[in-house]
file upload.cif (mmCIF, C-alpha atoms and all ligand atoms)
data_work
#
loop_
_atom_site.label_atom_id
_atom_site.label_comp_id
_atom_site.auth_asym_id
_atom_site.auth_seq_id
_atom_site.Cartn_x
_atom_site.Cartn_y
_atom_site.Cartn_z
CA MET A 1 14.86 29.33 16.74
CA PHE A 2 11.06 29.02 16.74
CA THR A 3 8.72 31.35 18.50
CA SER A 4 5.52 29.27 18.60
CA ASP A 5 4.97 27.03 21.64
CA LYS A 6 2.19 24.93 20.23
CA ALA A 7 2.98 21.35 19.19
CA CYS A 8 1.76 20.22 15.78
CA PHE A 9 0.79 16.90 14.32
CA ILE A 10 2.49 16.31 10.95
CA SER A 11 1.92 13.20 8.83
CA PHE A 12 3.88 11.88 5.87
CA GLU A 13 2.15 9.92 3.13
CA GLY A 14 3.04 8.29 -0.16
CA ILE A 15 3.21 5.03 -2.04
CA ASP A 16 5.66 2.38 -0.83
CA GLY A 17 9.24 3.52 -1.46
CA SER A 18 8.34 7.19 -1.98
CA GLY A 19 10.85 8.37 0.62
CA LYS A 20 8.38 9.37 3.33
CA SER A 21 10.16 7.49 6.17
CA THR A 22 13.42 9.20 5.20
CA GLN A 23 11.72 12.60 5.25
CA ALA A 24 9.85 11.97 8.51
CA LYS A 25 13.14 11.14 10.27
CA LEU A 26 15.00 14.12 8.77
CA PHE A 27 12.17 16.43 9.77
CA LEU A 28 12.15 15.19 13.38
CA ASP A 29 15.96 15.59 13.61
CA ARG A 30 15.70 19.16 12.41
CA LEU A 31 12.85 19.93 14.77
CA ILE A 32 14.84 18.68 17.75
CA LYS A 33 17.94 20.61 16.65
CA ASN A 34 15.71 23.69 16.71
CA GLY A 35 14.78 23.15 20.32
CA LYS A 36 11.42 21.40 19.93
CA GLN A 37 10.28 18.16 21.54
CA GLY A 38 8.81 15.55 19.25
CA ILE A 39 8.34 11.86 18.58
CA LEU A 40 8.12 9.71 15.48
CA VAL A 41 5.35 7.14 15.08
CA ARG A 42 4.70 4.70 12.27
CA GLU A 43 1.61 2.96 10.98
CA PRO A 44 0.43 0.31 11.10
CA GLY A 45 2.16 -0.05 14.48
CA GLY A 46 3.63 2.23 17.11
CA THR A 47 2.28 0.56 20.28
CA PRO A 48 2.66 -3.08 21.45
CA ILE A 49 -0.94 -3.86 20.43
CA SER A 50 -0.61 -2.01 17.12
CA GLU A 51 2.65 -3.83 16.31
CA GLU A 52 0.86 -7.15 16.85
CA ILE A 53 -1.87 -6.00 14.48
CA ARG A 54 0.90 -5.01 11.99
CA GLN A 55 2.20 -8.57 11.99
CA VAL A 56 -1.25 -9.93 11.12
CA LEU A 57 -1.67 -7.31 8.39
CA LEU A 58 1.66 -7.65 6.66
CA THR A 59 2.59 -11.33 6.83
CA LYS A 60 2.30 -13.02 3.44
CA VAL A 61 0.76 -16.04 5.21
CA ASN A 62 -2.52 -14.07 5.45
CA ARG A 63 -3.14 -13.91 1.73
CA GLN A 64 -6.82 -14.71 2.32
CA MET A 65 -7.45 -11.45 4.15
CA VAL A 66 -10.41 -9.60 2.66
CA ALA A 67 -10.39 -5.83 2.06
CA ARG A 68 -12.82 -5.01 4.88
CA THR A 69 -10.77 -6.94 7.42
CA GLU A 70 -7.71 -5.06 6.21
CA ALA A 71 -9.47 -1.70 6.67
CA LEU A 72 -10.71 -2.64 10.14
CA LEU A 73 -7.28 -3.81 11.29
CA MET A 74 -5.54 -0.70 9.90
CA THR A 75 -7.99 1.52 11.76
CA ALA A 76 -7.84 -0.61 14.92
CA SER A 77 -4.08 -0.11 14.98
CA ARG A 78 -4.65 3.64 14.44
CA SER A 79 -7.14 3.90 17.26
CA GLN A 80 -4.74 2.34 19.77
CA LEU A 81 -1.86 4.55 18.59
CA THR A 82 -3.97 7.69 18.76
CA LYS A 83 -5.28 7.12 22.28
CA GLU A 84 -2.12 5.61 23.78
CA VAL A 85 0.58 7.76 22.16
CA ILE A 86 -0.52 10.63 19.93
CA LEU A 87 -3.09 12.44 22.08
CA PRO A 88 -1.13 12.27 25.38
CA ASN A 89 2.06 13.48 23.67
CA LEU A 90 0.29 16.39 21.98
CA GLU A 91 -1.09 17.33 25.38
CA GLN A 92 2.49 17.37 26.68
CA ASN A 93 3.34 19.76 23.85
CA ARG A 94 5.42 17.25 21.90
CA TRP A 95 5.23 17.32 18.13
CA ILE A 96 3.97 14.15 16.49
CA ILE A 97 5.65 13.12 13.26
CA ALA A 98 3.67 10.27 11.73
CA ASP A 99 4.98 7.95 9.03
CA ARG A 100 1.48 7.30 7.59
CA TYR A 101 -1.89 8.08 9.19
CA ALA A 102 -5.56 8.11 8.14
CA ASP A 103 -4.96 9.06 4.49
CA SER A 104 -3.16 5.74 3.97
CA THR A 105 -6.44 3.91 4.60
CA LEU A 106 -8.24 6.13 2.09
CA ALA A 107 -5.52 5.65 -0.54
CA TYR A 108 -4.82 1.91 -0.05
CA GLN A 109 -8.13 0.45 1.09
CA GLY A 110 -10.14 3.05 -0.85
CA GLY A 111 -8.04 3.47 -4.00
CA GLY A 112 -6.15 0.18 -3.97
CA ARG A 113 -8.85 -2.18 -2.67
CA GLU A 114 -11.73 -0.10 -4.03
CA LEU A 115 -13.69 0.15 -0.76
CA ASN A 116 -16.22 2.98 -0.48
CA LEU A 117 -14.44 6.20 0.54
CA ASP A 118 -17.35 7.53 2.60
CA TRP A 119 -17.32 4.42 4.79
CA LEU A 120 -13.56 4.77 5.22
CA LEU A 121 -13.87 8.46 6.12
CA ASP A 122 -16.36 7.52 8.85
CA LEU A 123 -14.19 4.64 10.03
CA ASN A 124 -11.20 6.97 10.28
CA LYS A 125 -13.25 9.52 12.18
CA PHE A 126 -14.18 6.85 14.73
CA ALA A 127 -10.65 5.42 14.99
CA THR A 128 -8.86 8.76 15.36
CA TYR A 129 -11.22 10.31 17.92
CA GLU A 130 -11.67 12.86 15.10
CA LEU A 131 -8.07 13.99 15.35
CA GLU A 132 -6.53 15.20 12.08
CA PRO A 133 -2.95 16.15 11.27
CA ASN A 134 -2.29 19.90 11.07
CA VAL A 135 -0.33 19.29 7.90
CA THR A 136 0.17 16.23 5.70
CA PHE A 137 3.06 15.94 3.26
CA PHE A 138 2.25 13.68 0.34
CA ILE A 139 5.60 12.68 -1.17
CA ASP A 140 4.65 11.97 -4.75
CA ILE A 141 6.72 9.67 -6.95
CA LEU A 142 5.89 7.57 -9.98
CA PRO A 143 5.35 3.90 -9.12
CA LYS A 144 8.09 2.87 -11.57
CA GLU A 145 10.61 5.03 -9.67
CA ALA A 146 9.47 3.49 -6.37
CA LEU A 147 10.05 0.05 -7.86
CA ARG A 148 13.55 1.08 -8.97
CA ARG A 149 14.43 2.14 -5.41
CA LYS A 150 13.22 -1.08 -3.84
CA LYS A 151 15.99 -3.07 -2.13
CA TYR A 152 14.10 -5.11 0.43
CA THR A 153 11.64 -8.01 0.58
CA GLU A 154 8.06 -6.96 0.00
CA ASP A 155 5.32 -7.36 2.60
CA ARG A 156 1.81 -8.62 1.72
CA ILE A 157 0.50 -5.24 0.56
CA GLU A 158 3.66 -4.11 -1.25
CA ALA A 159 3.56 -7.39 -3.19
CA GLU A 160 0.35 -6.21 -4.93
CA GLY A 161 2.41 -4.75 -7.79
CA ILE A 162 2.59 -1.64 -9.93
CA ALA A 163 -1.08 -1.40 -11.05
CA PHE A 164 -2.12 -1.35 -7.39
CA GLN A 165 0.47 1.36 -6.57
CA LYS A 166 -0.84 3.44 -9.49
CA GLN A 167 -4.38 3.32 -8.08
CA VAL A 168 -3.07 4.26 -4.64
CA ARG A 169 -1.11 7.21 -6.07
CA GLN A 170 -4.13 8.41 -8.04
CA THR A 171 -6.25 8.41 -4.90
CA TYR A 172 -3.60 10.36 -2.98
CA LEU A 173 -3.65 12.99 -5.74
CA GLU A 174 -7.44 13.21 -5.50
CA LEU A 175 -7.28 13.50 -1.70
CA ALA A 176 -4.72 16.31 -2.06
CA LYS A 177 -7.25 18.22 -4.16
CA GLN A 178 -10.15 17.48 -1.81
CA PHE A 179 -8.22 18.43 1.34
CA SER A 180 -6.01 21.09 -0.18
CA ASP A 181 -5.90 23.15 3.04
CA ARG A 182 -4.18 20.25 4.84
CA ILE A 183 -2.32 18.15 2.26
CA ILE A 184 0.81 19.50 0.58
CA VAL A 185 2.10 17.64 -2.47
CA ILE A 186 5.88 17.40 -2.69
CA ASP A 187 7.69 16.16 -5.78
CA GLY A 188 9.51 13.08 -4.43
CA HIS A 189 11.86 12.83 -7.43
CA MET A 190 14.04 15.66 -6.08
CA SER A 191 17.07 15.01 -3.87
CA LYS A 192 16.50 14.10 -0.22
CA GLU A 193 18.02 17.44 0.85
CA LYS A 194 15.87 19.53 -1.50
CA ILE A 195 12.70 17.76 -0.35
CA GLN A 196 13.68 18.26 3.27
CA ASN A 197 14.29 21.98 2.75
CA ASN A 198 10.93 22.43 1.02
CA ILE A 199 9.14 20.66 3.88
CA TRP A 200 10.99 22.71 6.48
CA ASP A 201 10.24 25.99 4.72
CA GLU A 202 6.56 25.12 4.49
CA ILE A 203 6.29 24.43 8.23
CA LYS A 204 8.28 27.53 9.11
CA ARG A 205 6.05 29.66 6.91
CA ARG A 206 2.87 28.27 8.49
CA TYR A 207 3.79 27.97 12.15
CA PHE A 208 6.75 30.09 13.14
P1 LIG A 301 9.10 4.84 2.21
O1 LIG A 301 9.13 5.05 3.69
O2 LIG A 301 8.21 5.81 1.53
O3 LIG A 301 8.82 3.42 1.82
P2 LIG A 301 11.99 5.26 2.31
O4 LIG A 301 12.18 6.56 2.99
O5 LIG A 301 12.22 4.02 3.12
O6 LIG A 301 10.54 5.20 1.62
O7 LIG A 301 12.90 5.26 1.00
C1 LIG A 301 12.94 4.15 0.11
C2 LIG A 301 14.35 4.08 -0.52
O8 LIG A 301 14.54 5.21 -1.36
C3 LIG A 301 15.49 4.11 0.50
O9 LIG A 301 16.54 3.29 0.03
C4 LIG A 301 15.90 5.58 0.53
O10 LIG A 301 17.26 5.76 0.90
C5 LIG A 301 15.66 5.98 -0.92
N1 LIG A 301 15.28 7.40 -1.06
C6 LIG A 301 14.54 8.14 -0.21
N2 LIG A 301 14.39 9.41 -0.67
C7 LIG A 301 15.03 9.46 -1.86
C8 LIG A 301 15.25 10.50 -2.83
N3 LIG A 301 14.73 11.72 -2.69
N4 LIG A 301 15.95 10.20 -3.93
C9 LIG A 301 16.46 8.96 -4.11
N5 LIG A 301 16.31 7.94 -3.24
C10 LIG A 301 15.61 8.18 -2.12
P1 LIG A 302 4.91 0.77 5.78
O1 LIG A 302 5.57 -0.05 6.79
O2 LIG A 302 4.84 2.23 6.01
O3 LIG A 302 5.59 0.46 4.39
P2 LIG A 302 6.52 1.40 3.52
O4 LIG A 302 7.61 1.91 4.40
O5 LIG A 302 7.01 0.51 2.44
O6 LIG A 302 5.65 2.49 2.99
O7 LIG A 302 3.40 0.31 5.55
C1 LIG A 302 3.11 -1.03 5.37
C2 LIG A 302 2.06 -1.21 4.33
O8 LIG A 302 0.75 -0.98 4.86
C3 LIG A 302 2.23 -0.30 3.12
O9 LIG A 302 2.15 -1.11 1.96
C4 LIG A 302 0.99 0.58 3.18
C5 LIG A 302 -0.02 -0.24 3.94
N1 LIG A 302 -1.06 0.52 4.64
C6 LIG A 302 -2.39 0.41 4.23
O10 LIG A 302 -2.68 -0.32 3.26
N2 LIG A 302 -3.37 1.10 4.89
C7 LIG A 302 -3.09 1.87 5.97
O11 LIG A 302 -4.01 2.48 6.57
C8 LIG A 302 -1.72 1.98 6.40
C9 LIG A 302 -1.37 2.81 7.60
C10 LIG A 302 -0.74 1.29 5.72
#
call {"tool": "encode", "arguments": {"input": "upload.cif", "output": "structure tokens", "more": "lines below"}}
Ligand code: ADP
Ligand code: TYD
result
Amino acid sequence: MFTSDKACFISFEGIDGSGKSTQAKLFLDRLIKNGKQGILVREPGGTPISEEIRQVLLTKVNRQMVARTEALLMTASRSQLTKEVILPNLEQNRWIIADRYADSTLAYQGGGRELNLDWLLDLNKFATYELEPNVTFFIDILPKEALRRKKYTEDRIEAEGIAFQKQVRQTYLELAKQFSDRIIVIDGHMSKEKIQNNIWDEIKRRYF
């Protein structure tokens, strides 16, 4: 059982199909089994307004959407989620487990769409009320492995293809170097159980 009383904000990042949603859910289950309170949020989405924004962002009908609109909508969704859900729950001492957060905008709209990273850092700062996760797990897999795992219909951004995913992955790796005190890189090619144990051990070592 844990000894610390302070709730943490943990985000999970990775290219599409990397296994981050699987790991976010497993982590929350384990947290709750260990007597902690916590909630799972996903981006883009997580509030009624943010889910509406998600529809606009991901429908293939909107193929004319330009990169700056995409960045603004991603961060608009984040702003609503942060103010409406994340901050009040942290205040209530509930852990926040986020399936994507601000790094996704840097990796996808920065790396993938090639928007200026400094603008995106400022935009994130504004949208998040300057909140940052305590720890971010970047689940790293090769884009060709992600493609192999894919069983579902792609959304507008996933449909960008393997070259796009490679650029996104490369940017995540650079971010992990730049923010090495926050971002932990996990080899996503291991089994689900092994990944989960590594993540758990890391959090235990840091916080309990
Ligand atoms: P993401 O949220 O990153 O898109 P998911 O967690 O939805 O990824 O996983 C994508 C697919 O890969 C799912 O079918 C899931 O069961 C499978 N998967 C997740 N983790 C692993 C793993 N470590 N090894 C093999 N397959 C995995
Ligand atoms: P998500 O539903 O998490 O897809 P997956 O489970 O396949 O990873 O995210 C939807 C898409 O939105 C995904 O392709 C990543 C993209 N995205 C951005 O481009 N920028 C962002 O800031 C966020 C949060 C997501």
call {"tool": "residues_near_point", "arguments": {"input": "upload.cif", "point": "(5.8, 4.6, 12.2)", "cutoff": "12 Å", "atoms": "all atoms listed in the file", "output": "number ranges by chain"}}
result
A: 11-13, 20-22, 24-25, 39-47, 50-51, 54, 77-78, 81, 85-86, 96-101
call {"tool": "axis_aligned_box", "arguments": {"input": "upload.cif", "around": "ligand LIG 302 (chain A)", "padding_each_side": "6 Å", "output": "lines of an AutoDock Vina configuration file"}}
result
center_x = 1.8
center_y = 0.8
center_z = 4.8
size_x = 23.6
size_y = 16.0
size_z = 17.6
call {"tool": "closest_atom_pairs", "arguments": {"input": "upload.cif", "of": "chain A", "to": "ligand LIG 301 (chain A)", "cutoff": "10 Å", "atoms": "only C-alpha atoms and all ligand atoms", "output": "tab-separated table"}}
result
residue	atom	partner	partner_atom	distance
A:Phe12	CA	A:LIG301	O2	8.6
A:Glu13	CA	A:LIG301	O2	7.5
A:Gly14	CA	A:LIG301	O2	6.0
A:Ile15	CA	A:LIG301	O2	6.2
A:Asp16	CA	A:LIG301	O3	4.3
A:Gly17	CA	A:LIG301	O3	3.3
A:Ser18	CA	A:LIG301	O2	3.8
A:Gly19	CA	A:LIG301	O4	3.3
A:Lys20	CA	A:LIG301	O2	4.0
A:Ser21	CA	A:LIG301	O1	3.6
A:Thr22	CA	A:LIG301	O4	3.7
A:Gln23	CA	A:LIG301	O4	6.5
A:Ala24	CA	A:LIG301	O4	8.1
A:Lys25	CA	A:LIG301	O4	8.7
A:Leu26	CA	A:LIG301	O4	9.9
A:Arg42	CA	A:LIG301	O1	9.7
A:Asp99	CA	A:LIG301	O1	7.4
A:Arg100	CA	A:LIG301	O1	8.9
A:Phe138	CA	A:LIG301	O2	9.9
A:Ile139	CA	A:LIG301	O2	7.8
A:Asp140	CA	A:LIG301	O2	9.5
A:Ile141	CA	A:LIG301	N3	9.3
A:Glu145	CA	A:LIG301	C9	9.0
A:Ala146	CA	A:LIG301	O8	7.3
A:Leu147	CA	A:LIG301	C2	9.4
A:Arg148	CA	A:LIG301	O8	8.7
A:Arg149	CA	A:LIG301	O8	5.1
A:Lys150	CA	A:LIG301	C2	6.2
A:Lys151	CA	A:LIG301	O9	6.7
A:Tyr152	CA	A:LIG301	O9	8.8
A:Glu158	CA	A:LIG301	O3	9.6
A:Asp187	CA	A:LIG301	N3	8.9
A:Gly188	CA	A:LIG301	N3	5.7
A:His189	CA	A:LIG301	N3	5.7
A:Met190	CA	A:LIG301	N3	5.2
A:Ser191	CA	A:LIG301	N3	4.2
A:Lys192	CA	A:LIG301	N3	3.9
A:Glu193	CA	A:LIG301	N3	7.5
A:Lys194	CA	A:LIG301	N3	8.0
A:Ile195	CA	A:LIG301	N3	6.8
A:Gln196	CA	A:LIG301	N3	8.9
call {"tool": "write_last_selection", "arguments": {"input": "upload.cif", "atoms": "C-alpha atoms", "output": "compact mmCIF listing (two decimals), keeping the file's coordinate frame"}}
result
# COMPACT_ATOMS: atom_id res chain seq x y z
CA PHE A 12 3.88 11.88 5.87
CA GLU A 13 2.15 9.92 3.13
CA GLY A 14 3.04 8.29 -0.16
CA ILE A 15 3.21 5.03 -2.04
CA ASP A 16 5.66 2.38 -0.83
CA GLY A 17 9.24 3.52 -1.46
CA SER A 18 8.34 7.19 -1.98
CA GLY A 19 10.85 8.37 0.62
CA LYS A 20 8.38 9.37 3.33
CA SER A 21 10.16 7.49 6.17
CA THR A 22 13.42 9.20 5.20
CA GLN A 23 11.72 12.60 5.25
CA ALA A 24 9.85 11.97 8.51
CA LYS A 25 13.14 11.14 10.27
CA LEU A 26 15.00 14.12 8.77
CA ARG A 42 4.70 4.70 12.27
CA ASP A 99 4.98 7.95 9.03
CA ARG A 100 1.48 7.30 7.59
CA PHE A 138 2.25 13.68 0.34
CA ILE A 139 5.60 12.68 -1.17
CA ASP A 140 4.65 11.97 -4.75
CA ILE A 141 6.72 9.67 -6.95
CA GLU A 145 10.61 5.03 -9.67
CA ALA A 146 9.47 3.49 -6.37
CA LEU A 147 10.05 0.05 -7.86
CA ARG A 148 13.55 1.08 -8.97
CA ARG A 149 14.43 2.14 -5.41
CA LYS A 150 13.22 -1.08 -3.84
CA LYS A 151 15.99 -3.07 -2.13
CA TYR A 152 14.10 -5.11 0.43
CA GLU A 158 3.66 -4.11 -1.25
CA ASP A 187 7.69 16.16 -5.78
CA GLY A 188 9.51 13.08 -4.43
CA HIS A 189 11.86 12.83 -7.43
CA MET A 190 14.04 15.66 -6.08
CA SER A 191 17.07 15.01 -3.87
CA LYS A 192 16.50 14.10 -0.22
CA GLU A 193 18.02 17.44 0.85
CA LYS A 194 15.87 19.53 -1.50
CA ILE A 195 12.70 17.76 -0.35
CA GLN A 196 13.68 18.26 3.27
call {"tool": "atom_distance", "arguments": {"input": "upload.cif", "atom1": "CA of Met74 (chain A)", "atom2": "atom O1 of ligand LIG 302 (chain A)"}}
result
11.6 Å
call {"tool": "atom_distance", "arguments": {"input": "upload.cif", "atom1": "atom C9 of ligand LIG 302 (chain A)", "atom2": "CA of Lys166 (chain A)"}}
result
17.1 Å
call {"tool": "atom_distance", "arguments": {"input": "upload.cif", "atom1": "atom O3 of ligand LIG 302 (chain A)", "atom2": "CA of Asp103 (chain A)"}}
result
13.6 Å
call {"tool": "closest_residue", "arguments": {"input": "upload.cif", "among": "A:Arg94, A:Arg113, A:Lys36, A:Arg63", "to": "ligand LIG 302 (chain A)", "atoms": "all atoms listed in the file"}}
result
A:Arg113
call {"tool": "residues_near_point", "arguments": {"input": "upload.cif", "point": "(-5.2, 25.9, 4.4)", "cutoff": "12 Å", "atoms": "all atoms listed in the file", "output": "list in words"}}
result
Asn134, Val135, Thr136, Ala176, Lys177, Gln178, Phe179, Ser180, Asp181, Arg182, Ile183, Ile184, Glu202 and Arg206 of chain A
call {"tool": "closest_residue", "arguments": {"input": "upload.cif", "among": "A:Leu173, A:Ile49, A:Leu142, A:Ala71", "to": "ligand LIG 302 (chain A)", "atoms": "all atoms listed in the file"}}
result
A:Ala71
call {"tool": "closest_residue", "arguments": {"input": "upload.cif", "among": "A:Leu90, A:Leu28, A:Leu120, A:Ile10", "to": "ligand LIG 302 (chain A)", "atoms": "all atoms listed in the file"}}
result
A:Leu120
call {"tool": "closest_residue", "arguments": {"input": "upload.cif", "among": "A:Lys33, A:Arg156, A:Lys125, A:Lys144", "to": "ligand LIG 302 (chain A)", "atoms": "all atoms listed in the file"}}
result
A:Arg156
call {"tool": "residues_around", "arguments": {"input": "upload.cif", "residues": "Gln37 (chain A)", "least_positions_apart": "4", "cutoff": "8 Å", "atoms": "only C-alpha atoms", "output": "ChimeraX atom specification"}}
result
/A:31-32,93-95
call {"tool": "write_last_selection", "arguments": {"input": "upload.cif", "atoms": "C-alpha atoms", "output": "tab-separated table (two decimals), keeping the file's coordinate frame"}}
result
chain	number	residue	atom	x	y	z
A	31	LEU	CA	12.85	19.93	14.77
A	32	ILE	CA	14.84	18.68	17.75
A	93	ASN	CA	3.34	19.76	23.85
A	94	ARG	CA	5.42	17.25	21.90
A	95	TRP	CA	5.23	17.32	18.13
call {"tool": "closest_residue", "arguments": {"input": "upload.cif", "among": "A:Glu130, A:Glu84, A:Asp155, A:Glu174", "to": "Leu57 (chain A)", "atoms": "all atoms listed in the file"}}
result
A:Asp155
call {"tool": "closest_residue", "arguments": {"input": "upload.cif", "among": "A:Phe27, A:Glu70, A:Ala107, A:Leu117", "to": "Gln170 (chain A)", "atoms": "all atoms listed in the file"}}
result
A:Ala107
call {"tool": "decode", "arguments": {"input": "upload.cif", "residues": "region 21-49 of chain A", "atoms": "N, CA and C atoms", "output": "PDB file, in the first residue's frame"}}
result
ATOM      1  N   SER A  21      -3.313   3.463 -24.684  1.00  0.00           N
ATOM      2  CA  SER A  21      -4.639   3.383 -24.037  1.00  0.00           C
ATOM      3  C   SER A  21      -4.702   2.138 -23.161  1.00  0.00           C
ATOM      4  N   THR A  22      -4.150   1.032 -23.657  1.00  0.00           N
ATOM      5  CA  THR A  22      -4.087  -0.214 -22.885  1.00  0.00           C
ATOM      6  C   THR A  22      -3.344   0.038 -21.582  1.00  0.00           C
ATOM      7  N   GLN A  23      -2.197   0.692 -21.661  1.00  0.00           N
ATOM      8  CA  GLN A  23      -1.376   0.924 -20.468  1.00  0.00           C
ATOM      9  C   GLN A  23      -2.026   1.919 -19.508  1.00  0.00           C
ATOM     10  N   ALA A  24      -2.683   2.932 -20.042  1.00  0.00           N
ATOM     11  CA  ALA A  24      -3.342   3.921 -19.175  1.00  0.00           C
ATOM     12  C   ALA A  24      -4.419   3.231 -18.342  1.00  0.00           C
ATOM     13  N   LYS A  25      -5.200   2.354 -18.985  1.00  0.00           N
ATOM     14  CA  LYS A  25      -6.277   1.644 -18.265  1.00  0.00           C
ATOM     15  C   LYS A  25      -5.693   0.698 -17.222  1.00  0.00           C
ATOM     16  N   LEU A  26      -4.666  -0.070 -17.605  1.00  0.00           N
ATOM     17  CA  LEU A  26      -4.054  -1.012 -16.659  1.00  0.00           C
ATOM     18  C   LEU A  26      -3.474  -0.275 -15.453  1.00  0.00           C
ATOM     19  N   PHE A  27      -2.871   0.873 -15.724  1.00  0.00           N
ATOM     20  CA  PHE A  27      -2.272   1.651 -14.636  1.00  0.00           C
ATOM     21  C   PHE A  27      -3.347   2.139 -13.668  1.00  0.00           C
ATOM     22  N   LEU A  28      -4.450   2.664 -14.207  1.00  0.00           N
ATOM     23  CA  LEU A  28      -5.530   3.149 -13.337  1.00  0.00           C
ATOM     24  C   LEU A  28      -6.095   2.003 -12.496  1.00  0.00           C
ATOM     25  N   ASP A  29      -6.301   0.839 -13.114  1.00  0.00           N
ATOM     26  CA  ASP A  29      -6.828  -0.322 -12.366  1.00  0.00           C
ATOM     27  C   ASP A  29      -5.926  -0.646 -11.181  1.00  0.00           C
ATOM     28  N   ARG A  30      -4.634  -0.635 -11.451  1.00  0.00           N
ATOM     29  CA  ARG A  30      -3.673  -1.001 -10.405  1.00  0.00           C
ATOM     30  C   ARG A  30      -3.630   0.040  -9.283  1.00  0.00           C
ATOM     31  N   LEU A  31      -3.757   1.289  -9.698  1.00  0.00           N
ATOM     32  CA  LEU A  31      -3.782   2.384  -8.737  1.00  0.00           C
ATOM     33  C   LEU A  31      -4.966   2.223  -7.787  1.00  0.00           C
ATOM     34  N   ILE A  32      -6.121   1.927  -8.366  1.00  0.00           N
ATOM     35  CA  ILE A  32      -7.345   1.801  -7.564  1.00  0.00           C
ATOM     36  C   ILE A  32      -7.256   0.589  -6.637  1.00  0.00           C
ATOM     37  N   LYS A  33      -6.696  -0.508  -7.188  1.00  0.00           N
ATOM     38  CA  LYS A  33      -6.514  -1.712  -6.339  1.00  0.00           C
ATOM     39  C   LYS A  33      -5.604  -1.415  -5.160  1.00  0.00           C
ATOM     40  N   ASN A  34      -4.744  -0.414  -5.320  1.00  0.00           N
ATOM     41  CA  ASN A  34      -3.817  -0.050  -4.243  1.00  0.00           C
ATOM     42  C   ASN A  34      -4.351   1.082  -3.374  1.00  0.00           C
ATOM     43  N   GLY A  35      -5.655   1.300  -3.459  1.00  0.00           N
ATOM     44  CA  GLY A  35      -6.303   2.204  -2.524  1.00  0.00           C
ATOM     45  C   GLY A  35      -6.295   3.675  -2.888  1.00  0.00           C
ATOM     46  N   LYS A  36      -5.918   3.987  -4.154  1.00  0.00           N
ATOM     47  CA  LYS A  36      -5.907   5.394  -4.571  1.00  0.00           C
ATOM     48  C   LYS A  36      -7.177   5.720  -5.348  1.00  0.00           C
ATOM     49  N   GLN A  37      -7.522   7.014  -5.382  1.00  0.00           N
ATOM     50  CA  GLN A  37      -8.625   7.459  -6.220  1.00  0.00           C
ATOM     51  C   GLN A  37      -8.039   8.060  -7.487  1.00  0.00           C
ATOM     52  N   GLY A  38      -8.669   7.773  -8.614  1.00  0.00           N
ATOM     53  CA  GLY A  38      -8.140   8.332  -9.851  1.00  0.00           C
ATOM     54  C   GLY A  38      -9.154   8.260 -10.968  1.00  0.00           C
ATOM     55  N   ILE A  39      -8.929   9.065 -12.000  1.00  0.00           N
ATOM     56  CA  ILE A  39      -9.811   9.012 -13.170  1.00  0.00           C
ATOM     57  C   ILE A  39      -8.955   9.002 -14.439  1.00  0.00           C
ATOM     58  N   LEU A  40      -9.589   8.438 -15.492  1.00  0.00           N
ATOM     59  CA  LEU A  40      -8.940   8.362 -16.795  1.00  0.00           C
ATOM     60  C   LEU A  40      -9.557   9.429 -17.696  1.00  0.00           C
ATOM     61  N   VAL A  41      -8.726  10.165 -18.405  1.00  0.00           N
ATOM     62  CA  VAL A  41      -9.252  11.116 -19.399  1.00  0.00           C
ATOM     63  C   VAL A  41      -8.560  10.850 -20.729  1.00  0.00           C
ATOM     64  N   ARG A  42      -9.248  11.203 -21.811  1.00  0.00           N
ATOM     65  CA  ARG A  42      -8.602  11.011 -23.115  1.00  0.00           C
ATOM     66  C   ARG A  42      -8.694  12.276 -23.937  1.00  0.00           C
ATOM     67  N   GLU A  43      -7.716  12.439 -24.811  1.00  0.00           N
ATOM     68  CA  GLU A  43      -7.676  13.618 -25.683  1.00  0.00           C
ATOM     69  C   GLU A  43      -7.553  13.215 -27.141  1.00  0.00           C
ATOM     70  N   PRO A  44      -8.081  13.992 -28.077  1.00  0.00           N
ATOM     71  CA  PRO A  44      -8.988  15.100 -27.808  1.00  0.00           C
ATOM     72  C   PRO A  44     -10.321  14.557 -27.300  1.00  0.00           C
ATOM     73  N   GLY A  45     -10.898  15.222 -26.299  1.00  0.00           N
ATOM     74  CA  GLY A  45     -12.175  14.792 -25.738  1.00  0.00           C
ATOM     75  C   GLY A  45     -12.176  14.916 -24.230  1.00  0.00           C
ATOM     76  N   GLY A  46     -13.096  14.172 -23.600  1.00  0.00           N
ATOM     77  CA  GLY A  46     -13.096  14.095 -22.144  1.00  0.00           C
ATOM     78  C   GLY A  46     -14.083  15.007 -21.430  1.00  0.00           C
ATOM     79  N   THR A  47     -14.714  15.933 -22.159  1.00  0.00           N
ATOM     80  CA  THR A  47     -15.842  16.724 -21.634  1.00  0.00           C
ATOM     81  C   THR A  47     -16.842  16.815 -22.788  1.00  0.00           C
ATOM     82  N   PRO A  48     -18.107  17.173 -22.526  1.00  0.00           N
ATOM     83  CA  PRO A  48     -19.062  17.280 -23.644  1.00  0.00           C
ATOM     84  C   PRO A  48     -18.563  18.227 -24.748  1.00  0.00           C
ATOM     85  N   ILE A  49     -18.021  19.385 -24.360  1.00  0.00           N
ATOM     86  CA  ILE A  49     -17.529  20.332 -25.381  1.00  0.00           C
ATOM     87  C   ILE A  49     -16.330  19.734 -26.120  1.00  0.00           C
TER      88      ILE A  49
END
